[in-house]
>>> print(open('coords-v6.txt').read())   # compact mmCIF, C-alpha atoms
# COMPACT_ATOMS: atom_id res chain seq x y z
CA MET A 284 -41.37 -177.17 124.85
CA SER A 285 -41.12 -176.45 128.53
CA MET A 286 -39.08 -178.85 130.62
CA PRO A 287 -39.94 -179.46 134.26
CA LEU A 288 -38.04 -177.19 136.59
CA ALA A 289 -34.96 -178.44 138.44
CA ILE A 290 -35.22 -175.68 141.03
CA GLU A 291 -37.87 -173.14 141.85
CA CYS A 292 -37.38 -170.48 144.54
CA GLU A 293 -40.06 -167.86 145.05
CA GLY A 294 -39.74 -164.87 147.33
CA VAL A 295 -37.24 -166.60 149.61
CA THR A 296 -36.03 -164.53 152.56
CA LYS A 297 -33.77 -165.35 155.47
CA HIS A 298 -32.72 -162.97 158.22
CA TYR A 299 -29.52 -163.18 160.23
CA PRO A 300 -28.27 -160.51 162.62
CA HIS A 301 -25.69 -159.23 160.12
CA PHE A 302 -26.97 -160.53 156.83
CA GLN A 303 -30.25 -160.98 155.07
CA LEU A 304 -31.35 -162.79 151.98
CA GLN A 305 -34.10 -160.76 150.33
CA ASP A 306 -36.81 -161.87 147.94
CA VAL A 307 -34.79 -164.51 146.10
CA ASN A 308 -36.51 -165.71 142.93
CA LEU A 309 -34.54 -168.34 141.10
CA SER A 310 -35.56 -171.09 138.72
CA PHE A 311 -34.18 -173.11 135.85
CA GLU A 312 -35.34 -176.15 133.91
CA GLN A 313 -33.99 -179.66 134.09
CA GLY A 314 -31.19 -180.65 131.73
CA THR A 315 -29.32 -177.37 132.13
CA VAL A 316 -26.52 -175.76 134.16
CA MET A 317 -27.06 -172.76 136.44
CA GLY A 318 -24.04 -170.82 137.69
CA LEU A 319 -24.22 -168.52 140.74
CA VAL A 320 -21.72 -165.68 140.81
CA GLY A 321 -21.17 -162.93 143.32
CA PRO A 322 -18.54 -161.60 145.72
CA ASN A 323 -17.71 -163.22 149.05
CA GLY A 324 -20.56 -162.90 151.52
CA ALA A 325 -23.15 -162.18 148.83
CA GLY A 326 -25.32 -165.10 149.96
CA LYS A 327 -24.43 -167.81 147.43
CA SER A 328 -23.80 -170.53 150.02
CA THR A 329 -26.90 -169.55 152.02
CA ILE A 330 -29.05 -169.94 148.90
CA LEU A 331 -27.49 -173.34 148.16
CA ARG A 332 -28.09 -174.45 151.75
CA ILE A 333 -31.72 -173.37 151.62
CA ILE A 334 -32.13 -175.25 148.34
CA MET A 335 -30.58 -178.33 149.96
CA GLY A 336 -33.01 -178.05 152.88
CA LEU A 337 -30.14 -177.59 155.34
CA ILE A 338 -31.57 -174.21 156.35
CA GLY A 339 -35.26 -173.33 156.41
CA PRO A 340 -36.19 -169.96 154.86
CA ASP A 341 -38.10 -167.37 156.96
CA SER A 342 -40.57 -166.98 154.12
CA GLY A 343 -40.97 -167.99 150.52
CA ARG A 344 -41.28 -171.25 148.65
CA VAL A 345 -38.56 -173.69 147.54
CA LYS A 346 -39.08 -176.65 145.24
CA VAL A 347 -36.30 -178.98 144.14
CA LEU A 348 -37.04 -181.55 141.41
CA GLY A 349 -40.70 -180.98 142.22
CA HIS A 350 -40.27 -181.64 145.97
CA SER A 351 -41.07 -178.92 148.50
CA MET A 352 -38.09 -178.06 150.70
CA PRO A 353 -37.30 -178.50 153.49
CA LYS A 354 -40.50 -180.58 154.05
CA ASP A 355 -39.86 -183.33 151.47
CA GLN A 356 -36.09 -183.24 151.65
CA LEU A 357 -35.74 -186.95 152.29
CA ALA A 358 -37.36 -187.80 148.97
CA ALA A 359 -35.56 -184.99 147.14
CA LYS A 360 -32.11 -185.88 148.45
CA ARG A 361 -32.15 -189.34 146.92
CA ASN A 362 -31.76 -187.53 143.62
CA ILE A 363 -29.40 -184.73 144.63
CA GLY A 364 -25.64 -184.85 144.93
CA PHE A 365 -24.27 -182.02 147.07
CA VAL A 366 -20.61 -181.06 147.25
CA ALA A 367 -19.48 -178.23 149.50
CA GLU A 368 -16.07 -177.12 150.61
CA ASP A 369 -16.62 -178.01 154.25
CA MET A 370 -17.77 -181.53 153.40
CA ARG A 371 -16.43 -183.89 156.06
CA LEU A 372 -14.85 -187.20 155.26
CA TYR A 373 -13.57 -189.66 157.87
CA GLU A 374 -9.91 -188.72 158.15
CA SER A 375 -8.67 -192.14 159.25
CA GLU A 376 -10.60 -194.08 156.60
CA ASN A 377 -9.65 -194.55 152.96
CA ILE A 378 -11.54 -193.66 149.77
CA ALA A 379 -12.83 -197.23 149.32
CA PHE A 380 -14.52 -197.05 152.74
CA HIS A 381 -16.40 -193.93 151.68
CA MET A 382 -17.39 -195.47 148.35
CA ASP A 383 -18.81 -198.56 150.10
CA PHE A 384 -20.56 -196.36 152.63
CA ILE A 385 -22.32 -194.23 150.00
CA LYS A 386 -23.10 -197.32 147.96
CA SER A 387 -24.84 -198.89 150.96
CA ILE A 388 -27.15 -195.87 151.26
CA PHE A 389 -27.93 -195.10 147.62
CA ASP A 390 -29.07 -197.91 145.36
CA SER A 391 -28.43 -195.73 142.32
CA TRP A 392 -24.65 -196.12 142.87
CA ASP A 393 -22.87 -196.96 139.59
CA ASP A 394 -19.84 -199.19 140.25
CA GLU A 395 -18.47 -198.99 136.71
CA TYR A 396 -18.69 -195.21 136.65
CA ALA A 397 -17.06 -195.01 140.10
CA LYS A 398 -14.13 -197.12 138.87
CA ASN A 399 -13.84 -194.93 135.80
CA LEU A 400 -13.80 -191.80 137.90
CA LEU A 401 -11.08 -193.22 140.19
CA ARG A 402 -8.91 -193.74 137.14
CA ARG A 403 -9.72 -190.44 135.44
CA PHE A 404 -9.19 -188.50 138.68
CA ASP A 405 -5.98 -190.41 139.34
CA LEU A 406 -7.11 -191.41 142.85
CA ASN A 407 -6.00 -194.45 144.81
CA ARG A 408 -8.94 -196.13 146.55
CA ASN A 409 -6.72 -197.37 149.36
CA GLN A 410 -5.40 -193.98 150.29
CA LYS A 411 -6.49 -192.56 153.65
CA VAL A 412 -8.34 -189.25 153.62
CA LYS A 413 -5.85 -187.55 155.94
CA GLY A 414 -3.10 -187.96 153.34
CA LEU A 415 -5.06 -186.41 150.49
CA SER A 416 -4.15 -183.06 148.95
CA HIS A 417 -6.84 -180.38 148.56
CA GLY A 418 -7.34 -181.29 144.91
CA GLN A 419 -7.60 -185.00 145.70
CA ARG A 420 -10.11 -184.29 148.45
CA VAL A 421 -12.30 -182.27 146.08
CA LYS A 422 -12.06 -185.01 143.47
CA ALA A 423 -12.93 -187.69 146.05
CA THR A 424 -16.05 -185.85 147.26
CA LEU A 425 -17.01 -185.20 143.65
CA LEU A 426 -16.61 -188.90 142.85
CA LEU A 427 -18.84 -189.82 145.79
CA ALA A 428 -21.55 -187.48 144.50
CA LEU A 429 -21.21 -188.29 140.78
CA ALA A 430 -21.17 -192.09 141.07
CA ARG A 431 -24.68 -191.96 142.55
CA ARG A 432 -25.75 -190.50 139.21
CA PRO A 433 -28.12 -188.02 140.85
CA ASN A 434 -30.52 -185.97 138.74
CA LEU A 435 -29.31 -182.78 140.29
CA LEU A 436 -25.76 -181.88 141.27
CA VAL A 437 -25.29 -178.94 143.62
CA PHE A 438 -21.73 -177.68 144.02
CA ASP A 439 -20.59 -174.91 146.32
CA GLU A 440 -17.35 -173.51 144.87
CA PRO A 441 -16.18 -176.76 143.28
CA THR A 442 -13.10 -175.35 141.58
CA THR A 443 -11.76 -173.07 144.32
CA GLY A 444 -8.11 -173.74 145.08
CA LEU A 445 -7.61 -176.24 142.26
CA ASP A 446 -4.78 -176.09 139.75
CA PRO A 447 -5.78 -175.61 136.07
CA ALA A 448 -5.39 -179.31 135.22
CA VAL A 449 -7.59 -180.52 138.10
CA ARG A 450 -10.06 -177.70 137.43
CA LYS A 451 -10.44 -178.94 133.88
CA GLU A 452 -11.02 -182.52 135.09
CA VAL A 453 -13.72 -181.32 137.47
CA LEU A 454 -15.44 -179.22 134.78
CA ASP A 455 -15.25 -182.15 132.34
CA GLU A 456 -17.07 -184.41 134.78
CA MET A 457 -19.63 -181.72 135.62
CA MET A 458 -20.47 -181.42 131.93
CA GLY A 459 -20.33 -185.20 131.48
CA SER A 460 -23.03 -185.62 134.12
CA LEU A 461 -25.53 -183.88 131.82
CA GLN A 462 -25.99 -186.99 129.68
CA ASP A 463 -29.71 -186.33 129.15
CA GLU A 464 -32.51 -183.81 129.69
CA THR A 465 -33.20 -185.01 133.23
CA HIS A 466 -29.78 -184.17 134.65
CA SER A 467 -29.02 -180.69 135.93
CA VAL A 468 -26.22 -178.84 137.69
CA LEU A 469 -26.35 -175.87 140.05
CA PHE A 470 -23.02 -174.46 141.16
CA SER A 471 -21.48 -171.37 142.68
CA SER A 472 -18.05 -170.11 141.78
CA HIS A 473 -15.65 -167.23 141.99
CA ASN A 474 -14.08 -168.44 138.84
CA THR A 475 -15.92 -166.43 136.22
CA LEU A 476 -14.19 -168.34 133.41
CA ASP A 477 -15.73 -171.62 134.61
CA VAL A 478 -19.18 -170.10 134.95
CA GLU A 479 -18.96 -168.40 131.57
CA GLN A 480 -17.91 -171.61 129.86
CA ILE A 481 -20.37 -174.20 131.13
CA SER A 482 -23.46 -172.35 132.42
CA ASP A 483 -26.72 -172.13 130.50
CA TYR A 484 -28.06 -169.68 133.06
CA ILE A 485 -26.24 -167.15 135.21
CA THR A 486 -27.48 -165.60 138.43
CA PHE A 487 -25.60 -162.66 139.85
CA ILE A 488 -25.98 -162.15 143.60
CA TYR A 489 -24.95 -159.13 145.62
CA GLY A 490 -25.74 -158.20 149.22
CA GLY A 491 -28.31 -160.98 149.66
CA ARG A 492 -30.23 -159.99 146.54
CA ILE A 493 -30.38 -161.26 143.01
CA ILE A 494 -29.18 -158.52 140.69
CA GLU A 495 -29.59 -160.41 137.42
CA SER A 496 -30.74 -163.94 136.56
CA ARG A 497 -31.09 -164.91 132.92
CA ASN A 498 -29.78 -167.21 130.25
CA LYS A 499 -26.09 -166.83 129.60
CA GLU A 500 -26.32 -165.72 125.98
CA ASP A 501 -28.69 -162.85 126.89
CA PHE A 502 -26.63 -162.08 129.98
CA MET A 503 -23.40 -161.74 128.00
CA ASP A 504 -25.12 -160.00 125.05
CA GLY A 505 -26.64 -157.36 127.33
CA TRP A 506 -23.35 -155.79 128.33
CA ARG A 507 -21.13 -153.59 126.16
CA ARG A 508 -18.24 -151.23 126.57
CA LEU A 509 -18.50 -148.14 124.36
CA ARG A 510 -15.49 -146.01 123.55
CA LEU A 511 -16.45 -142.50 122.60
CA THR A 512 -14.75 -139.28 121.61
CA ASN A 513 -16.33 -136.22 123.13
CA LEU A 514 -14.90 -133.41 121.01
CA SER A 515 -17.22 -130.59 122.02
CA ASN A 516 -17.49 -131.53 125.68
CA SER A 517 -21.16 -132.53 125.30
CA LEU A 518 -23.25 -133.90 128.12
CA LEU A 519 -23.78 -137.65 128.07
CA PRO A 520 -27.40 -138.66 127.47
CA ASN A 521 -29.00 -139.63 130.78
CA LEU A 522 -29.67 -143.33 130.26
CA ALA A 523 -30.50 -145.86 132.94
CA ASN A 524 -28.42 -148.50 131.18
CA ILE A 525 -25.14 -146.64 131.64
CA LYS A 526 -23.49 -148.48 134.54
CA ASP A 527 -20.09 -146.83 134.55
CA VAL A 528 -18.41 -143.79 133.03
CA GLN A 529 -14.66 -143.27 132.78
CA GLN A 530 -13.66 -139.98 131.26
CA SER A 531 -10.21 -138.65 130.51
CA GLY A 532 -10.03 -135.47 128.43
CA ARG A 533 -11.94 -136.07 125.23
CA LEU A 534 -11.97 -139.84 125.55
CA CYS A 535 -14.83 -141.48 127.31
CA THR A 536 -15.44 -145.15 128.10
CA LEU A 537 -18.90 -146.31 129.11
CA THR A 538 -20.11 -149.64 130.45
CA VAL A 539 -23.67 -150.33 129.39
CA ASN A 540 -26.21 -153.00 130.35
CA ASN A 541 -29.34 -154.01 128.36
CA TYR A 542 -27.52 -152.82 125.27
CA GLU A 543 -29.47 -152.21 122.08
CA GLU A 544 -28.17 -150.71 118.88
CA SER A 545 -30.78 -147.97 119.11
CA ILE A 546 -28.90 -146.31 121.98
CA LEU A 547 -26.01 -145.52 119.63
CA GLU A 548 -28.18 -142.89 117.93
CA LYS A 549 -28.71 -141.15 121.24
CA PHE A 550 -24.96 -140.75 121.63
CA ALA A 551 -24.53 -139.62 118.04
CA SER A 552 -27.26 -137.00 118.32
CA ALA A 553 -25.69 -135.76 121.56
CA GLY A 554 -22.57 -135.00 119.51
CA LEU A 555 -20.48 -137.95 120.64
CA GLN A 556 -18.46 -140.02 118.22
CA ILE A 557 -18.50 -143.78 118.76
CA ASN A 558 -15.10 -145.31 118.14
CA ASN A 559 -15.60 -148.84 119.29
CA ILE A 560 -18.17 -151.21 120.76
CA GLU A 561 -16.76 -154.13 122.74
CA ARG A 562 -18.25 -157.16 124.41
CA LEU A 563 -17.36 -157.88 128.02
CA THR A 564 -16.10 -161.04 129.66
CA LEU A 565 -18.07 -162.37 132.62
CA GLU A 566 -15.25 -161.16 134.88
CA GLU A 567 -15.67 -157.61 133.57
CA ILE A 568 -19.46 -157.87 133.93
CA PHE A 569 -18.96 -159.14 137.48
CA LEU A 570 -16.85 -156.11 138.38
CA ALA A 571 -19.21 -153.66 136.67
CA ASN A 572 -22.17 -155.24 138.47
CA VAL A 573 -20.45 -155.04 141.86
CA GLN A 574 -19.46 -151.43 141.27
CA SER A 575 -22.92 -150.38 140.20
CA ALA A 576 -24.61 -152.35 143.02
CA LYS A 577 -22.27 -150.68 145.53
CA ALA A 578 -23.04 -147.24 144.12
CA ASN A 579 -26.77 -147.97 144.35
CA SER A 580 -26.62 -149.15 147.95
CA ASN A 581 -24.59 -146.06 148.85
CA LYS A 582 -27.30 -143.91 147.27
CA GLU A 583 -29.92 -145.75 149.32
CA THR A 584 -28.09 -145.21 152.59
CA LEU A 585 -27.63 -141.52 151.80
CA ALA A 586 -31.31 -141.14 151.01
CA MET B 122 -25.39 -193.69 105.24
CA TYR B 123 -24.88 -192.67 108.82
CA THR B 124 -21.55 -191.65 110.20
CA VAL B 125 -20.96 -191.62 113.91
CA TYR B 126 -18.34 -189.13 114.99
CA MET B 127 -16.89 -190.13 118.31
CA LYS B 128 -14.50 -187.24 118.67
CA TYR B 129 -14.95 -183.86 117.08
CA ASN B 130 -11.78 -182.34 118.48
CA PHE B 131 -12.95 -178.77 118.46
CA VAL B 132 -10.08 -176.61 119.61
CA PHE B 133 -10.73 -173.14 120.98
CA SER B 134 -8.33 -170.36 121.77
CA GLN B 135 -8.56 -168.47 125.03
CA THR B 136 -7.09 -165.45 123.29
CA ASP B 137 -9.92 -165.41 120.74
CA THR B 138 -12.14 -162.57 121.91
CA ARG B 139 -15.15 -163.43 119.76
CA PRO B 140 -18.18 -164.85 121.56
CA MET B 141 -18.04 -168.62 121.95
CA TYR B 142 -21.07 -169.30 119.74
CA GLN B 143 -19.22 -167.67 116.84
CA GLN B 144 -16.16 -169.81 117.49
CA ILE B 145 -18.35 -172.92 117.40
CA MET B 146 -19.92 -171.74 114.15
CA GLU B 147 -16.46 -171.27 112.68
CA GLN B 148 -15.30 -174.74 113.72
CA ILE B 149 -18.35 -176.25 112.04
CA THR B 150 -18.20 -174.20 108.83
CA GLN B 151 -14.49 -174.97 108.49
CA ARG B 152 -15.22 -178.71 108.61
CA ILE B 153 -17.85 -178.19 105.95
CA ALA B 154 -15.70 -175.89 103.82
CA VAL B 155 -12.77 -178.34 103.64
CA GLY B 156 -15.13 -181.15 102.71
CA ASP B 157 -14.83 -183.22 105.90
CA TRP B 158 -18.56 -182.81 106.50
CA PRO B 159 -20.20 -183.03 103.05
CA PRO B 160 -23.84 -181.97 102.53
CA GLY B 161 -26.20 -184.32 104.34
CA THR B 162 -23.73 -185.19 107.13
CA PRO B 163 -25.55 -185.44 110.46
CA LEU B 164 -24.27 -183.05 113.09
CA PRO B 165 -23.77 -184.18 116.68
CA SER B 166 -26.74 -183.48 118.91
CA ILE B 167 -26.53 -180.22 120.82
CA ARG B 168 -26.12 -182.02 124.15
CA GLU B 169 -23.49 -184.38 122.75
CA LEU B 170 -21.39 -181.54 121.37
CA ALA B 171 -21.82 -179.53 124.58
CA ILE B 172 -20.53 -182.43 126.68
CA GLU B 173 -17.60 -183.04 124.40
CA THR B 174 -16.52 -179.42 124.01
CA LYS B 175 -17.43 -178.52 127.65
CA VAL B 176 -19.29 -175.55 126.30
CA SER B 177 -22.76 -174.79 127.64
CA ILE B 178 -25.76 -176.28 125.85
CA ILE B 179 -27.29 -172.86 125.31
CA THR B 180 -24.19 -171.67 123.46
CA ILE B 181 -24.14 -174.69 121.13
CA LYS B 182 -27.88 -174.20 120.58
CA ARG B 183 -27.28 -170.59 119.57
CA ALA B 184 -24.49 -171.59 117.16
CA TYR B 185 -26.81 -174.15 115.51
CA LEU B 186 -29.63 -171.59 115.28
CA GLU B 187 -27.36 -169.04 113.60
CA LEU B 188 -25.99 -171.66 111.19
CA GLU B 189 -29.54 -172.64 110.35
CA ARG B 190 -30.44 -169.01 109.69
CA GLU B 191 -27.46 -168.74 107.35
CA GLY B 192 -28.64 -171.87 105.54
CA VAL B 193 -25.49 -173.81 106.40
CA ILE B 194 -27.31 -176.52 108.32
CA ALA B 195 -30.88 -177.79 108.49
CA THR B 196 -32.67 -178.85 111.65
CA GLN B 197 -35.84 -180.84 112.13
CA GLN B 198 -37.48 -181.40 115.48
CA GLY B 199 -36.80 -184.95 116.59
CA LYS B 200 -34.38 -185.67 113.75
CA GLY B 201 -31.52 -183.42 114.75
CA SER B 202 -29.37 -181.32 112.43
CA TRP B 203 -27.36 -182.03 109.30
CA VAL B 204 -25.26 -180.14 106.78
CA SER B 205 -27.66 -178.49 104.36
CA GLU B 206 -28.16 -180.55 101.16
CA SER B 207 -28.43 -177.44 99.03
CA LEU B 208 -25.36 -175.83 100.50
CA ASP B 209 -23.23 -173.94 98.02
CA LEU B 210 -19.63 -174.36 99.17
CA ASN B 211 -18.60 -171.48 97.01
CA LEU B 212 -21.06 -169.23 98.77
CA LEU B 213 -19.81 -170.37 102.15
CA GLN B 214 -16.24 -169.53 101.23
CA ARG B 215 -17.36 -166.15 99.88
CA GLU B 216 -19.06 -165.45 103.17
CA GLU B 217 -15.84 -166.19 104.98
CA LEU B 218 -14.05 -163.74 102.71
CA ILE B 219 -16.71 -161.12 103.44
CA GLN B 220 -16.14 -161.58 107.15
CA HIS B 221 -12.43 -160.93 106.66
CA LEU B 222 -13.24 -157.84 104.62
CA GLN B 223 -15.48 -156.56 107.40
CA GLN B 224 -12.53 -156.87 109.76
CA VAL B 225 -10.37 -154.98 107.26
CA GLY B 226 -12.96 -152.23 107.04
CA LYS B 227 -13.14 -151.89 110.81
CA LEU B 228 -9.39 -151.83 111.24
CA ALA B 229 -8.92 -149.30 108.45
CA LYS B 230 -11.49 -147.03 110.08
CA SER B 231 -9.82 -147.19 113.47
CA LEU B 232 -6.47 -146.38 111.80
CA ALA B 233 -8.13 -143.51 109.90
CA ILE B 234 -7.08 -144.91 106.51
CA ALA B 235 -9.03 -143.29 103.66
CA GLU B 236 -11.14 -145.38 101.29
CA ASP B 237 -8.90 -144.79 98.25
CA GLU B 238 -5.80 -145.65 100.17
CA LEU B 239 -7.39 -148.87 101.44
CA LEU B 240 -8.41 -149.90 97.93
CA GLN B 241 -4.85 -149.29 96.72
CA MET B 242 -3.56 -151.46 99.55
CA ILE B 243 -5.95 -154.28 98.67
CA LYS B 244 -5.01 -154.06 94.96
CA LYS B 245 -1.44 -154.90 95.87
CA TYR B 246 -2.54 -158.39 96.90
CA ILE B 247 -4.66 -159.24 93.86
>>> encode(input="coords-v6.txt", output="structure tokens")
Amino acid sequence: MSMPLAIECEGVTKHYPHFQLQDVNLSFEQGTVMGLVGPNGAGKSTILRIIMGLIGPDSGRVKVLGHSMPKDQLAAKRNIGFVAEDMRLYESENIAFHMDFIKSIFDSWDDEYAKNLLRRFDLNRNQKVKGLSHGQRVKATLLLALARRPNLLVFDEPTTGLDPAVRKEVLDEMMGSLQDETHSVLFSSHNTLDVEQISDYITFIYGGRIIESRNKEDFMDGWRRLRLTNLSNSLLPNLANIKDVQQSGRLCTLTVNNYEESILEKFASAGLQINNIERLTLEEIFLANVQSAKANSNKETLA
Amino acid sequence: MYTVYMKYNFVFSQTDTRPMYQQIMEQITQRIAVGDWPPGTPLPSIRELAIETKVSIITIKRAYLELEREGVIATQQGKGSWVSESLDLNLLQREELIQHLQQVGKLAKSLAIAEDELLQMIKKYI
């Protein structure tokens, strides 16, 4: 039961004077949602731009909906809706002008759906772009992408700077676009709550590299916080999955990745008492990942 | 008989710290336990429920898989899922009670309450 892939990146690299994308492997099947998370400057937007064919990679292979990028981007883009923060609209024109414009280019434009979106997003088609608030602008660009009913939606930080009500509207429409197995969404966000809620796959990016990329259930299941009591001041077992240790007196809190119940025995036999095992939110995983990636890159520079 | 549910109105709490798939399972078993979804009732498709609840498809899929493992629902490729025909409501409610008891056990342990003392406390409510 393998669906065709929405996106396939293999060994993608891109060098800039102060930043490099290294060996990016990223793929997910059609009909699903992929969320990219990572701190500012991690390379999320660069990856999205390479996928969109706006930037050519130095090496590696990129396929979007089966089309090789950037070579076949014309064919691919008929089926992709891209929304980025720096998307330009004509300031002195109104929303209706933009709707007509997009409609004249893409024959997949759905008038009924566009009308629906205007109403649901509470937008006035006669309003000029220069008078729109940030939230209205985001909703307008989203409408222009959604009403084409593309097979793939690519969003760069769609919910940044939106109030909770507008954020919910945007998420609702992102999920609503998944009406069947041929529609997919790829988005980047700082909002870990959004990513945690709607993504089927999560890719964590740090320093131009992919740290983790897997399905969300496995991603979230892999991380645990263990609270231990260390009565006899024993040494912690040396395990690669321990990502963080916070110790204060006899109390010890560990953050663990690739958690399995079998590791509990190792703590018990080292003389440590396990008081609690907690799951982590994506936000906590994000912070633990950043901390451990930072520690690793420091180690590398020292070596 | 085929009932089409247009709105499932699943309501989740942001302060609920359990994983989302468990919250979905709970919402479904509650509907079954109170009799709103009698045995044989077709469940929404995974995609349909994902779109309505704005919860990822993979999470809904996991909730359905776990419910199937527990025997609460049955799934057949191409036909979708439905509330298990052989479902024993009594058993379902017992399982809910057991889950509460597990919580009690955990809490008692973290509060260092001895077994006898805990049993005495429970007796008070019978």
>>> interface_residues(input="coords-v6.txt", of="chain B", to="chain A", cutoff="7 Å", atoms="all atoms listed in the file", output="PDB file with C-alpha atoms, in the frame of the given file")
ATOM      1  CA  ILE B 172     -20.530-182.430 126.680  1.00  0.00           C
ATOM      2  CA  LYS B 175     -17.430-178.520 127.650  1.00  0.00           C
ATOM      3  CA  VAL B 176     -19.290-175.550 126.300  1.00  0.00           C
ATOM      4  CA  SER B 177     -22.760-174.790 127.640  1.00  0.00           C
ATOM      5  CA  ILE B 178     -25.760-176.280 125.850  1.00  0.00           C
ATOM      6  CA  ILE B 179     -27.290-172.860 125.310  1.00  0.00           C
ATOM      7  CA  THR B 180     -24.190-171.670 123.460  1.00  0.00           C
TER       8      THR B 180
END
>>> closest_residue(input="coords-v6.txt", among="A:Arg344, A:Ala428, A:Leu337, A:Val412", to="Asn377 (chain A)", atoms="all atoms listed in the file")
A:Val412
>>> residues_around(input="coords-v6.txt", residues="region 137-148 of chain B", least_positions_apart="2", cutoff="7 Å", atoms="only C-alpha atoms", output="PyMOL selection string")
chain B and resi 131+134-135+150-152+180-181+183-184+188
>>> closest_residue(input="coords-v6.txt", among="A:Asp527, A:Glu566, A:Glu543, A:Asp383", to="Asn579 (chain A)", atoms="all atoms listed in the file")
A:Asp527
>>> residues_around(input="coords-v6.txt", residues="Arg508 (chain A)", least_positions_apart="5", cutoff="12 Å", atoms="all atoms listed in the file", output="MDAnalysis selection string")
chainID A and resid 503 524:529 535:542 547 557:564 567:568 571
>>> atom_distance(input="coords-v6.txt", atom1="CA of Arg215 (chain B)", atom2="CA of Leu164 (chain B)")
22.5 Å
